Structures are given as structure tokens and as C-alpha cells.
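Beneath this line is the structure, given in C-alpha cells, with notes to follow.
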Amino acid sequence: MTRFRCAIHIVPRRGILDPQGKAVADALHSLGFAEVGDVRVGRHVIVETAAVTAEAARASAMAMCEKLLANPVTEDFEIASVEAA
């Protein structure tokens, strides 16, 4: 088995109130970044796991997100990368 590092991004779903994202957007506007639109603030999770292949590691990371890391009602997630550790 090989060790893999999986990078996971978890963000609030569109349509779900994100007060932290709103506060960041407002602060950016007040700092002169008028071009900034919507801001979503989430989490970046790194998981190191053992698997036979990168695809198996990705599937394992997906299962982790579905079962624990992301709330399926209020959050979306994306496996950003899977690399040998």
C-alpha cells in the first residue's frame, strides 16, 4: 500500500446563509476591492491515508466526506487533489 495525501475543500452550499463569507466580502469591499462578488468561507482538510491506487484513495476520501467531514444538508465538498505522500 502507498500513502496518499488528499486535499479536500468543504464550503457552504449555494443558497445557505454564510455570515462569515458575507463579512469577508464586506471587508474586501471596504478595502477597495469592489470587483469582489460572492465569498464563501469553508474548510480545507488534508487527510493522509493508505491505499493501493490514487483512485482508491480518492474513493476513500469521498466516503469520509459523505460520512463525517461534510454535512450533506448544508455543505458541498470537492476532492481537490490526491498525491502520493
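Residues are referred to by chain and number: the chain letter is A, B, ... according to the order shown in the C-alpha cells, the number counts from 1 in that chain, and ligands are numbered separately from 1 in the order shown.
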Polymer residues at most 10 Å from Ile16 (chain A), only C-alpha atoms, same-chain spacing of 3 or more positions, as an MDAnalysis selection string: chainID A and resid 12:13 19 73:75
Would you please give, as a PDB file with C-alpha atoms, in the first residue's frame, all residues of chain A that DSSP assigns to strand (DSSP E) based on the backbone?
```
ATOM      1  CA  THR A   2       1.030   3.557  -0.691  1.00  0.00           C
ATOM      2  CA  ARG A   3       0.391   6.622   1.473  1.00  0.00           C
ATOM      3  CA  PHE A   4      -1.654   9.338  -0.223  1.00  0.00           C
ATOM      4  CA  ARG A   5      -2.374  12.915   0.812  1.00  0.00           C
ATOM      5  CA  CYS A   6      -5.906  14.005  -0.082  1.00  0.00           C
ATOM      6  CA  ALA A   7      -6.764  17.721  -0.115  1.00  0.00           C
ATOM      7  CA  ILE A   8     -10.467  18.360   0.465  1.00  0.00           C
ATOM      8  CA  HIS A   9     -12.364  21.656   0.182  1.00  0.00           C
ATOM      9  CA  ILE A  10     -15.655  21.946   2.085  1.00  0.00           C
ATOM     10  CA  VAL A  11     -17.891  25.005   1.579  1.00  0.00           C
ATOM     11  CA  PRO A  12     -21.453  26.018   2.454  1.00  0.00           C
ATOM     12  CA  ARG A  43     -12.632  24.466   5.403  1.00  0.00           C
ATOM     13  CA  HIS A  44      -9.564  22.930   3.799  1.00  0.00           C
ATOM     14  CA  VAL A  45      -8.882  19.426   5.142  1.00  0.00           C
ATOM     15  CA  ILE A  46      -5.788  17.310   4.443  1.00  0.00           C
ATOM     16  CA  VAL A  47      -6.181  13.574   5.031  1.00  0.00           C
ATOM     17  CA  GLU A  48      -3.303  11.129   4.750  1.00  0.00           C
ATOM     18  CA  THR A  49      -4.477   7.611   4.008  1.00  0.00           C
ATOM     19  CA  ALA A  50      -3.080   4.312   2.767  1.00  0.00           C
ATOM     20  CA  ALA A  51      -4.461   2.846  -0.459  1.00  0.00           C
ATOM     21  CA  GLU A  75     -22.185  21.741   2.670  1.00  0.00           C
ATOM     22  CA  ASP A  76     -20.618  20.753  -0.637  1.00  0.00           C
ATOM     23  CA  PHE A  77     -17.177  19.220  -0.924  1.00  0.00           C
ATOM     24  CA  GLU A  78     -14.564  18.670  -3.559  1.00  0.00           C
ATOM     25  CA  ILE A  79     -11.518  16.405  -3.552  1.00  0.00           C
ATOM     26  CA  ALA A  80      -9.011  18.970  -4.801  1.00  0.00           C
ATOM     27  CA  SER A  81      -6.042  16.626  -5.165  1.00  0.00           C
ATOM     28  CA  VAL A  82      -4.752  13.160  -4.339  1.00  0.00           C
ATOM     29  CA  GLU A  83      -0.964  12.825  -4.308  1.00  0.00           C
ATOM     30  CA  ALA A  84       1.479  10.211  -3.079  1.00  0.00           C
TER      31      ALA A  84
END
```
Residues of chain A in helix (DSSP H, G or I), written as an mmCIF file with N, CA and C atoms, in the first residue's frame:
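Heads up, here's the output in result18.cif:
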```
data_model
loop_
_atom_site.group_PDB
_atom_site.id
_atom_site.type_symbol
_atom_site.label_atom_id
_atom_site.label_comp_id
_atom_site.auth_asym_id
_atom_site.auth_seq_id
_atom_site.Cartn_x
_atom_site.Cartn_y
_atom_site.Cartn_z
ATOM 1 N N PRO A 19 -22.682 33.748 6.918
ATOM 2 C CA PRO A 19 -22.377 35.045 7.511
ATOM 3 C C PRO A 19 -20.881 35.370 7.503
ATOM 4 N N GLN A 20 -20.045 34.373 7.644
ATOM 5 C CA GLN A 20 -18.605 34.614 7.610
ATOM 6 C C GLN A 20 -18.170 35.069 6.212
ATOM 7 N N GLY A 21 -18.692 34.429 5.190
ATOM 8 C CA GLY A 21 -18.394 34.833 3.821
ATOM 9 C C GLY A 21 -18.885 36.239 3.526
ATOM 10 N N LYS A 22 -20.072 36.589 4.025
ATOM 11 C CA LYS A 22 -20.626 37.936 3.849
ATOM 12 C C LYS A 22 -19.732 38.971 4.519
ATOM 13 N N ALA A 23 -19.254 38.663 5.740
ATOM 14 C CA ALA A 23 -18.385 39.595 6.458
ATOM 15 C C ALA A 23 -17.075 39.808 5.700
ATOM 16 N N VAL A 24 -16.519 38.737 5.141
ATOM 17 C CA VAL A 24 -15.276 38.858 4.375
ATOM 18 C C VAL A 24 -15.515 39.682 3.119
ATOM 19 N N ALA A 25 -16.614 39.433 2.423
ATOM 20 C CA ALA A 25 -16.930 40.203 1.214
ATOM 21 C C ALA A 25 -17.088 41.683 1.538
ATOM 22 N N ASP A 26 -17.802 41.983 2.618
ATOM 23 C CA ASP A 26 -17.985 43.384 3.018
ATOM 24 C C ASP A 26 -16.645 44.033 3.354
ATOM 25 N N ALA A 27 -15.781 43.319 4.066
ATOM 26 C CA ALA A 27 -14.464 43.859 4.424
ATOM 27 C C ALA A 27 -13.619 44.106 3.178
ATOM 28 N N LEU A 28 -13.661 43.183 2.228
ATOM 29 C CA LEU A 28 -12.907 43.373 0.990
ATOM 30 C C LEU A 28 -13.414 44.593 0.224
ATOM 31 N N HIS A 29 -14.728 44.764 0.189
ATOM 32 C CA HIS A 29 -15.294 45.947 -0.481
ATOM 33 C C HIS A 29 -14.807 47.224 0.197
ATOM 34 N N SER A 30 -14.812 47.226 1.533
ATOM 35 C CA SER A 30 -14.388 48.434 2.246
ATOM 36 C C SER A 30 -12.895 48.707 2.082
ATOM 37 N N ALA A 54 -4.269 5.721 -6.410
ATOM 38 C CA ALA A 54 -4.780 7.065 -6.167
ATOM 39 C C ALA A 54 -6.304 7.087 -6.260
ATOM 40 N N GLU A 55 -6.859 6.324 -7.184
ATOM 41 C CA GLU A 55 -8.322 6.270 -7.312
ATOM 42 C C GLU A 55 -8.968 5.663 -6.065
ATOM 43 N N ALA A 56 -8.332 4.656 -5.477
ATOM 44 C CA ALA A 56 -8.848 4.070 -4.239
ATOM 45 C C ALA A 56 -8.774 5.078 -3.098
ATOM 46 N N ALA A 57 -7.698 5.862 -3.060
ATOM 47 C CA ALA A 57 -7.561 6.908 -2.042
ATOM 48 C C ALA A 57 -8.635 7.968 -2.227
ATOM 49 N N ARG A 58 -8.907 8.348 -3.483
ATOM 50 C CA ARG A 58 -9.954 9.331 -3.778
ATOM 51 C C ARG A 58 -11.322 8.799 -3.333
ATOM 52 N N ALA A 59 -11.595 7.547 -3.627
ATOM 53 C CA ALA A 59 -12.877 6.949 -3.229
ATOM 54 C C ALA A 59 -13.013 6.914 -1.709
ATOM 55 N N SER A 60 -11.924 6.619 -1.021
ATOM 56 C CA SER A 60 -11.935 6.609 0.433
ATOM 57 C C SER A 60 -12.192 8.010 0.984
ATOM 58 N N ALA A 61 -11.549 9.017 0.401
ATOM 59 C CA ALA A 61 -11.760 10.401 0.831
ATOM 60 C C ALA A 61 -13.207 10.829 0.587
ATOM 61 N N MET A 62 -13.785 10.415 -0.534
ATOM 62 C CA MET A 62 -15.194 10.726 -0.822
ATOM 63 C C MET A 62 -16.089 10.124 0.268
ATOM 64 N N ALA A 63 -15.829 8.877 0.628
ATOM 65 C CA ALA A 63 -16.631 8.218 1.661
ATOM 66 C C ALA A 63 -16.480 8.933 3.002
ATOM 67 N N MET A 64 -15.253 9.395 3.315
ATOM 68 C CA MET A 64 -15.027 10.135 4.566
ATOM 69 C C MET A 64 -15.858 11.415 4.589
ATOM 70 N N CYS A 65 -15.896 12.099 3.457
ATOM 71 C CA CYS A 65 -16.681 13.330 3.369
ATOM 72 C C CYS A 65 -18.165 13.050 3.528
ATOM 73 N N GLU A 66 -18.645 12.027 2.854
ATOM 74 C CA GLU A 66 -20.067 11.697 2.901
ATOM 75 C C GLU A 66 -20.507 11.251 4.287
ATOM 76 N N LYS A 67 -19.607 10.593 5.037
ATOM 77 C CA LYS A 67 -19.982 10.043 6.339
ATOM 78 C C LYS A 67 -19.669 10.960 7.516
ATOM 79 N N LEU A 68 -18.656 11.845 7.390
ATOM 80 C CA LEU A 68 -18.254 12.621 8.555
ATOM 81 C C LEU A 68 -17.827 14.061 8.257
ATOM 82 N N LEU A 69 -16.951 14.247 7.299
ATOM 83 C CA LEU A 69 -16.289 15.542 7.139
ATOM 84 C C LEU A 69 -17.203 16.661 6.664
#
```
Å distance separating CA of Pro72 (chain A) from CA of Asp18 (chain A), one decimal place: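 Between CA of Pro72 (chain A) and CA of Asp18 (chain A) the gap works out to 15.7 Å.
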